[in-house]
Amino acid sequence: MYYVYILTNKSNKVMYIGITNDLQRRLYEHKNELVDGFTKKYHIHKLVYYESHKYVKEAILREKKLKGLLRIRKNELVETMNPEWIDLSDKLFPNVFT
C-alpha cells in the first residue's frame, strides 16, 4: 500500500504533500525532524489528510496532481476528510506519537 499525505504546521499556514509506503514510519520521521529539509525547517508535523493507493505509479500521479492544485483546492480537499484540521496521526496510530 502507498500513501499520499498532507502535513501542515501548527498554524495551518504551510503545507507539505508527500508519498510513502509506510505512513507510521514517515510520520515519526517528520514529527521528530529526523530528515533535513522543508518539513524540518518549517516544523510541519500535523497530518491533516491522507489517502491510500494500491500501486506506486497511481500514488505518484496523485501526489503530482495534488501538488499542482491551488491552495484553496488543497484546503477544500483537507476539509472533506478533516474539517477541523486536527492531527489525524493520533487517531491512526494511538499512543505512538504522544
# chains A, B, ... in the order shown; residues from 1 in each chain; ligands from 1
>>> residues_around(residues="Ser52 (chain A)", least_positions_apart="4", cutoff="8 Å", atoms="only C-alpha atoms", output="ChimeraX atom specification")
/A:1-4,59
>>> write_last_selection(atoms="N, CA, C and O atoms", output="PDB file, in the first residue's frame")
ATOM      1  N   MET A   1       0.842  -1.175   0.000  1.00  0.00           N
ATOM      2  CA  MET A   1       0.000   0.000   0.000  1.00  0.00           C
ATOM      3  C   MET A   1       0.890   1.242   0.000  1.00  0.00           C
ATOM      4  O   MET A   1       1.920   1.272   0.664  1.00  0.00           O
ATOM      5  N   TYR A   2       0.455   2.263  -0.707  1.00  0.00           N
ATOM      6  CA  TYR A   2       1.176   3.534  -0.791  1.00  0.00           C
ATOM      7  C   TYR A   2       0.234   4.645  -0.338  1.00  0.00           C
ATOM      8  O   TYR A   2      -0.961   4.596  -0.590  1.00  0.00           O
ATOM      9  N   TYR A   3       0.802   5.611   0.321  1.00  0.00           N
ATOM     10  CA  TYR A   3       0.007   6.696   0.893  1.00  0.00           C
ATOM     11  C   TYR A   3       0.464   8.033   0.347  1.00  0.00           C
ATOM     12  O   TYR A   3       1.666   8.313   0.295  1.00  0.00           O
ATOM     13  N   VAL A   4      -0.496   8.844  -0.033  1.00  0.00           N
ATOM     14  CA  VAL A   4      -0.262  10.250  -0.350  1.00  0.00           C
ATOM     15  C   VAL A   4      -0.832  11.007   0.839  1.00  0.00           C
ATOM     16  O   VAL A   4      -1.937  10.723   1.294  1.00  0.00           O
ATOM     17  N   ALA A  59      -0.074   6.365  -6.967  1.00  0.00           N
ATOM     18  CA  ALA A  59       0.193   7.288  -5.867  1.00  0.00           C
ATOM     19  C   ALA A  59       1.054   8.464  -6.326  1.00  0.00           C
ATOM     20  O   ALA A  59       0.809   9.607  -5.939  1.00  0.00           O
TER      21      ALA A  59
END
>>> select_by_dssp(residues="chain A", states="helix (DSSP H, G or I)", output="MDAnalysis selection string")
chainID A and resid 23:31 38:41 56:67 71:81 89:92
>>> residues_around(residues="region 84-98 of chain A", least_positions_apart="3", cutoff="6 Å", atoms="only C-alpha atoms", output="NGL selection string")
:A and (46-48)
>>> closest_residue(among="A:His45, A:Lys54, A:Lys64, A:Arg25", to="Ser11 (chain A)", atoms="only C-alpha atoms")
A:His45
>>> closest_residue(among="A:Asn9, A:Ile17, A:Glu33, A:His53", to="Lys67 (chain A)", atoms="only C-alpha atoms")
A:Ile17
>>> select_by_dssp(residues="region 19-91 of chain A", states="strand (DSSP E or B)", output="PyMOL selection string")
chain A and resi 19-20+46-53
>>> write_last_selection(atoms="C-alpha atoms", output="short mmCIF file (atom, residue, chain, number, x, y, z; two decimals), in the first residue's frame")
data_model
loop_
_atom_site.label_atom_id
_atom_site.label_comp_id
_atom_site.auth_asym_id
_atom_site.auth_seq_id
_atom_site.Cartn_x
_atom_site.Cartn_y
_atom_site.Cartn_z
CA ILE A 19 4.19 9.88 -0.60
CA THR A 20 5.30 6.84 1.37
CA LYS A 46 0.49 17.67 11.65
CA LEU A 47 -1.17 15.06 9.41
CA VAL A 48 -4.39 16.59 8.06
CA TYR A 49 -5.13 14.38 5.06
CA TYR A 50 -4.13 11.03 3.60
CA GLU A 51 -5.27 8.53 1.02
CA SER A 52 -4.09 5.06 0.12
CA HIS A 53 -3.26 3.58 -3.26
#
>>> residues_around(residues="region 34-41 of chain A", least_positions_apart="3", cutoff="9 Å", atoms="only C-alpha atoms", output="PDB file with N, CA and C atoms, in the first residue's frame")
ATOM      1  N   LEU A   7       0.657  17.253   5.194  1.00  0.00           N
ATOM      2  CA  LEU A   7       1.027  17.728   6.523  1.00  0.00           C
ATOM      3  C   LEU A   7       0.957  19.246   6.526  1.00  0.00           C
ATOM      4  N   THR A   8       0.785  19.792   7.708  1.00  0.00           N
ATOM      5  CA  THR A   8       0.833  21.239   7.859  1.00  0.00           C
ATOM      6  C   THR A   8       1.506  21.564   9.195  1.00  0.00           C
ATOM      7  N   ASN A   9       1.726  22.841   9.413  1.00  0.00           N
ATOM      8  CA  ASN A   9       2.325  23.268  10.681  1.00  0.00           C
ATOM      9  C   ASN A   9       1.223  23.609  11.680  1.00  0.00           C
ATOM     10  N   MET A  15       1.947  23.959   3.899  1.00  0.00           N
ATOM     11  CA  MET A  15       1.560  22.587   3.574  1.00  0.00           C
ATOM     12  C   MET A  15       2.708  21.830   2.937  1.00  0.00           C
ATOM     13  N   TYR A  16       2.697  20.533   3.184  1.00  0.00           N
ATOM     14  CA  TYR A  16       3.640  19.613   2.544  1.00  0.00           C
ATOM     15  C   TYR A  16       2.849  18.413   2.048  1.00  0.00           C
ATOM     16  N   TYR A  28       6.649   9.515  11.922  1.00  0.00           N
ATOM     17  CA  TYR A  28       7.636   9.550  13.006  1.00  0.00           C
ATOM     18  C   TYR A  28       8.842  10.404  12.592  1.00  0.00           C
ATOM     19  N   GLU A  29       9.314  10.211  11.377  1.00  0.00           N
ATOM     20  CA  GLU A  29      10.452  10.991  10.884  1.00  0.00           C
ATOM     21  C   GLU A  29      10.119  12.479  10.824  1.00  0.00           C
ATOM     22  N   HIS A  30       8.937  12.807  10.329  1.00  0.00           N
ATOM     23  CA  HIS A  30       8.533  14.220  10.255  1.00  0.00           C
ATOM     24  C   HIS A  30       8.391  14.819  11.651  1.00  0.00           C
ATOM     25  N   LYS A  31       7.683  14.137  12.523  1.00  0.00           N
ATOM     26  CA  LYS A  31       7.406  14.677  13.861  1.00  0.00           C
ATOM     27  C   LYS A  31       8.672  14.846  14.692  1.00  0.00           C
ATOM     28  N   ILE A  44       6.726  21.211  10.198  1.00  0.00           N
ATOM     29  CA  ILE A  44       5.494  20.662   9.632  1.00  0.00           C
ATOM     30  C   ILE A  44       5.338  19.238  10.146  1.00  0.00           C
ATOM     31  N   HIS A  45       4.436  19.061  11.121  1.00  0.00           N
ATOM     32  CA  HIS A  45       4.287  17.777  11.801  1.00  0.00           C
ATOM     33  C   HIS A  45       2.870  17.232  11.797  1.00  0.00           C
TER      34      HIS A  45
END
>>> decode(residues="region 39-51 of chain A", atoms="all heavy atoms", output="compact mmCIF listing (two decimals), in the first residue's frame")
# COMPACT_ATOMS: atom_id res chain seq x y z
N THR A 39 10.15 20.18 5.72
CA THR A 39 9.29 19.93 6.88
C THR A 39 10.00 20.23 8.20
O THR A 39 9.38 20.69 9.15
CB THR A 39 8.73 18.49 6.90
OG1 THR A 39 9.81 17.56 6.90
CG2 THR A 39 7.83 18.26 5.70
N LYS A 40 11.29 19.98 8.24
CA LYS A 40 12.05 20.30 9.45
C LYS A 40 12.18 21.81 9.61
O LYS A 40 11.97 22.35 10.71
CB LYS A 40 13.44 19.66 9.38
CG LYS A 40 14.27 19.90 10.62
CD LYS A 40 15.59 19.16 10.53
CE LYS A 40 16.44 19.41 11.77
NZ LYS A 40 17.70 18.63 11.70
N LYS A 41 12.49 22.49 8.52
CA LYS A 41 12.69 23.94 8.56
C LYS A 41 11.44 24.67 9.04
O LYS A 41 11.52 25.62 9.81
CB LYS A 41 13.07 24.44 7.16
CG LYS A 41 13.30 25.93 7.08
CD LYS A 41 13.74 26.35 5.69
CE LYS A 41 13.97 27.84 5.64
NZ LYS A 41 14.41 28.29 4.31
N TYR A 42 10.27 24.22 8.59
CA TYR A 42 9.01 24.90 8.91
C TYR A 42 8.18 24.19 9.98
O TYR A 42 7.03 24.55 10.20
CB TYR A 42 8.19 25.12 7.64
CG TYR A 42 8.87 26.08 6.69
CD1 TYR A 42 9.57 25.62 5.59
CD2 TYR A 42 8.86 27.45 6.93
CE1 TYR A 42 10.23 26.49 4.73
CE2 TYR A 42 9.50 28.33 6.08
CZ TYR A 42 10.19 27.84 4.98
OH TYR A 42 10.84 28.72 4.15
N HIS A 43 8.76 23.19 10.63
CA HIS A 43 8.10 22.44 11.72
C HIS A 43 6.73 21.93 11.30
O HIS A 43 5.71 22.17 11.95
CB HIS A 43 8.00 23.30 12.99
CG HIS A 43 9.32 23.87 13.40
ND1 HIS A 43 10.32 23.11 13.93
CD2 HIS A 43 9.80 25.14 13.31
CE1 HIS A 43 11.38 23.87 14.17
NE2 HIS A 43 11.08 25.11 13.78
N ILE A 44 6.73 21.21 10.20
CA ILE A 44 5.49 20.66 9.63
C ILE A 44 5.34 19.24 10.15
O ILE A 44 6.02 18.33 9.68
CB ILE A 44 5.54 20.72 8.09
CG1 ILE A 44 5.70 22.17 7.65
CG2 ILE A 44 4.31 20.07 7.48
CD1 ILE A 44 5.93 22.35 6.18
N HIS A 45 4.44 19.06 11.12
CA HIS A 45 4.29 17.78 11.80
C HIS A 45 2.87 17.23 11.80
O HIS A 45 2.65 16.09 12.17
CB HIS A 45 4.70 17.90 13.27
CG HIS A 45 6.04 18.49 13.49
ND1 HIS A 45 6.31 19.32 14.54
CD2 HIS A 45 7.19 18.39 12.79
CE1 HIS A 45 7.57 19.71 14.49
NE2 HIS A 45 8.12 19.15 13.43
N LYS A 46 1.90 18.03 11.44
CA LYS A 46 0.49 17.67 11.65
C LYS A 46 -0.11 17.03 10.39
O LYS A 46 -0.21 17.67 9.34
CB LYS A 46 -0.29 18.93 12.03
CG LYS A 46 -1.72 18.65 12.42
CD LYS A 46 -2.38 19.82 13.14
CE LYS A 46 -2.61 20.99 12.26
NZ LYS A 46 -3.53 21.99 12.85
N LEU A 47 -0.52 15.77 10.51
CA LEU A 47 -1.17 15.06 9.41
C LEU A 47 -2.63 15.51 9.34
O LEU A 47 -3.39 15.31 10.28
CB LEU A 47 -1.12 13.55 9.65
CG LEU A 47 -1.84 12.68 8.61
CD1 LEU A 47 -1.12 12.75 7.27
CD2 LEU A 47 -1.95 11.25 9.11
N VAL A 48 -3.01 16.11 8.20
CA VAL A 48 -4.39 16.59 8.06
C VAL A 48 -5.16 15.87 6.97
O VAL A 48 -6.38 16.00 6.88
CB VAL A 48 -4.43 18.13 7.84
CG1 VAL A 48 -4.01 18.86 9.10
CG2 VAL A 48 -3.62 18.55 6.64
N TYR A 49 -4.47 15.10 6.14
CA TYR A 49 -5.13 14.38 5.06
C TYR A 49 -4.24 13.24 4.60
O TYR A 49 -3.01 13.36 4.61
CB TYR A 49 -5.39 15.32 3.88
CG TYR A 49 -6.06 14.65 2.70
CD1 TYR A 49 -7.44 14.52 2.65
CD2 TYR A 49 -5.31 14.13 1.66
CE1 TYR A 49 -8.06 13.88 1.58
CE2 TYR A 49 -5.91 13.49 0.59
CZ TYR A 49 -7.28 13.37 0.55
OH TYR A 49 -7.89 12.73 -0.50
N TYR A 50 -4.87 12.13 4.22
CA TYR A 50 -4.13 11.03 3.60
C TYR A 50 -5.08 10.20 2.76
O TYR A 50 -6.28 10.23 2.94
CB TYR A 50 -3.44 10.16 4.66
CG TYR A 50 -4.43 9.38 5.51
CD1 TYR A 50 -4.77 8.08 5.17
CD2 TYR A 50 -5.04 9.97 6.61
CE1 TYR A 50 -5.69 7.38 5.94
CE2 TYR A 50 -5.95 9.27 7.37
CZ TYR A 50 -6.27 7.98 7.03
OH TYR A 50 -7.19 7.28 7.77
N GLU A 51 -4.52 9.49 1.82
CA GLU A 51 -5.27 8.53 1.02
C GLU A 51 -4.35 7.39 0.66
O GLU A 51 -3.13 7.58 0.59
CB GLU A 51 -5.89 9.19 -0.21
CG GLU A 51 -4.89 9.89 -1.10
CD GLU A 51 -5.55 10.72 -2.20
OE1 GLU A 51 -6.45 11.53 -1.90
OE2 GLU A 51 -5.12 10.56 -3.36
